[in-house]
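Asker: This is the structure I want to talk about, given as C-alpha cells.
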Amino acid sequence: MVAEERNIAADVLKAMAHPIRLGVIEVLADGERTVTELYTELGCSQSMMSQQLKILCHQRLISIRKEGTQKYCGLCNRDFLKLFDCMHTHLRKFLHFKDQSACFCDD
C-alpha cells in the first residue's frame, strides 16, 4: 500500500472501531434490518444509532435505503465479515478471551 491507501484504510478501520458499529456490521451479516431493529437489538438510543450509522455510511461499509417511513440498512461489502473471523481468532488464541456465557467456573 502507498501512504494514501494506508491513510484511507486507517479511516475505514476507525469507522469500525466502536462496539455499536461493530455490532451493526455483525447484525447485518444476517441481512437487512431497519434502524429501529438495530437500535433495539444493540440496546442503544435512536440518536446514538443514527450517529453510528452515519459514520458507517460515510465509509460505505453500509447502505441505507428508505421504503415508506422505514429506513433499511444493509452491508455494502460482505468481505468485511472476514475481519470478524480474524478478530474472533485473535481474541481467543492470542488474548485468551473466553465467552462469558460459555464460562463455567468452579468457585
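Ordering of the C-alpha cells sets the chain letters (A, B, ...); residue numbers start at 1 within each chain; ligands are numbered from 1 in the order shown.
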With a distance cut-off of 9 Å and only C-alpha atoms, select the neighbouring residues of Gln46 (chain A), excluding the residue or stretch itself and same-chain residues fewer than 4 positions from it, and output the selection as an NGL selection string.
Answerer: :A and (35-36 or 39-40 or 50-51)
Asker: Name the residues of chain A that come out as alpha helix (DSSP H) in a backbone DSSP run; write them as a PyMOL selection string.
Answerer: chain A and resi 3-16+19-28+35-42+46-58+81-93
Asker: Excluding region 13-25 of chain A and any residue of its chain fewer than 5 positions from it, enumerate the residues within 8 Å of it, using only C-alpha atoms, and give them as a PyMOL selection string.
Answerer: chain A and resi 38+42+49+52-53+55-56+59+62+75+81
Asker: Just write the chosen residues, C-alpha atoms, as a PDB file, in the first residue's frame.
Answerer:
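Listing of part15.pdb after writing:
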```
ATOM      1  CA  LEU A  38     -30.790  -2.234  15.018  1.00  0.00           C
ATOM      2  CA  LEU A  42     -27.993  -3.426  20.138  1.00  0.00           C
ATOM      3  CA  MET A  49     -27.707   4.617  16.365  1.00  0.00           C
ATOM      4  CA  GLN A  52     -23.118   5.417  14.305  1.00  0.00           C
ATOM      5  CA  LEU A  53     -24.882   4.631  11.030  1.00  0.00           C
ATOM      6  CA  ILE A  55     -20.128   7.049  10.265  1.00  0.00           C
ATOM      7  CA  LEU A  56     -20.526   3.589   8.685  1.00  0.00           C
ATOM      8  CA  GLN A  59     -17.033   4.915   4.716  1.00  0.00           C
ATOM      9  CA  ILE A  62     -23.268   0.026   4.996  1.00  0.00           C
ATOM     10  CA  LEU A  75     -23.854  -4.246   4.181  1.00  0.00           C
ATOM     11  CA  LEU A  81     -17.098 -10.048   7.614  1.00  0.00           C
TER      12      LEU A  81
END
```
Asker: CA of Leu83 (chain A) and CA of Glu26 (chain A) are how many Å apart?
Answerer: 10.5 Å
Asker: Quick one, how far is CA of Ile64 (chain A) from CA of Arg78 (chain A)?
Answerer: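 Taking CA of Ile64 (chain A) as the start and CA of Arg78 (chain A) as the end point, the length is 15.0 Å.
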Asker: As a short mmCIF file (atom, residue, chain, number, x, y, z; two decimals) with C-alpha atoms, in the first residue's frame, please: every residue in region 20-78 of chain A that a backbone DSSP assignment puts in strand (DSSP E).
Answerer:
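Output contents, as saved in out.cif:
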```cif
data_model
loop_
_atom_site.label_atom_id
_atom_site.label_comp_id
_atom_site.auth_asym_id
_atom_site.auth_seq_id
_atom_site.Cartn_x
_atom_site.Cartn_y
_atom_site.Cartn_z
CA ARG A 33 -32.50 -4.56 9.26
CA THR A 34 -34.49 -1.43 9.95
CA ILE A 62 -23.27 0.03 5.00
CA SER A 63 -26.03 1.43 2.83
CA ILE A 64 -29.37 2.83 3.91
CA ARG A 65 -32.45 2.79 1.76
CA LYS A 66 -35.80 4.29 2.57
CA GLU A 67 -39.03 2.41 1.99
CA GLN A 70 -38.78 2.86 7.31
CA LYS A 71 -35.04 3.04 6.74
CA TYR A 72 -33.36 -0.27 5.92
CA CYS A 73 -29.66 -0.87 6.45
CA GLY A 74 -27.51 -3.43 4.68
CA LEU A 75 -23.85 -4.25 4.18
#
```
Asker: Which is closer to Cys57 (chain A) than all the others in A:Arg92, A:Glu32, A:Asp85, A:Cys76, using only C-alpha atoms?
Answerer: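 Between A:Arg92, A:Glu32, A:Asp85, A:Cys76, the residue approaching Cys57 (chain A) most closely is A:Cys76.
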Asker: CA of Ile8 (chain A) to CA of Asp79 (chain A): how many Å, to one decimal?
Answerer: 17.1 Å
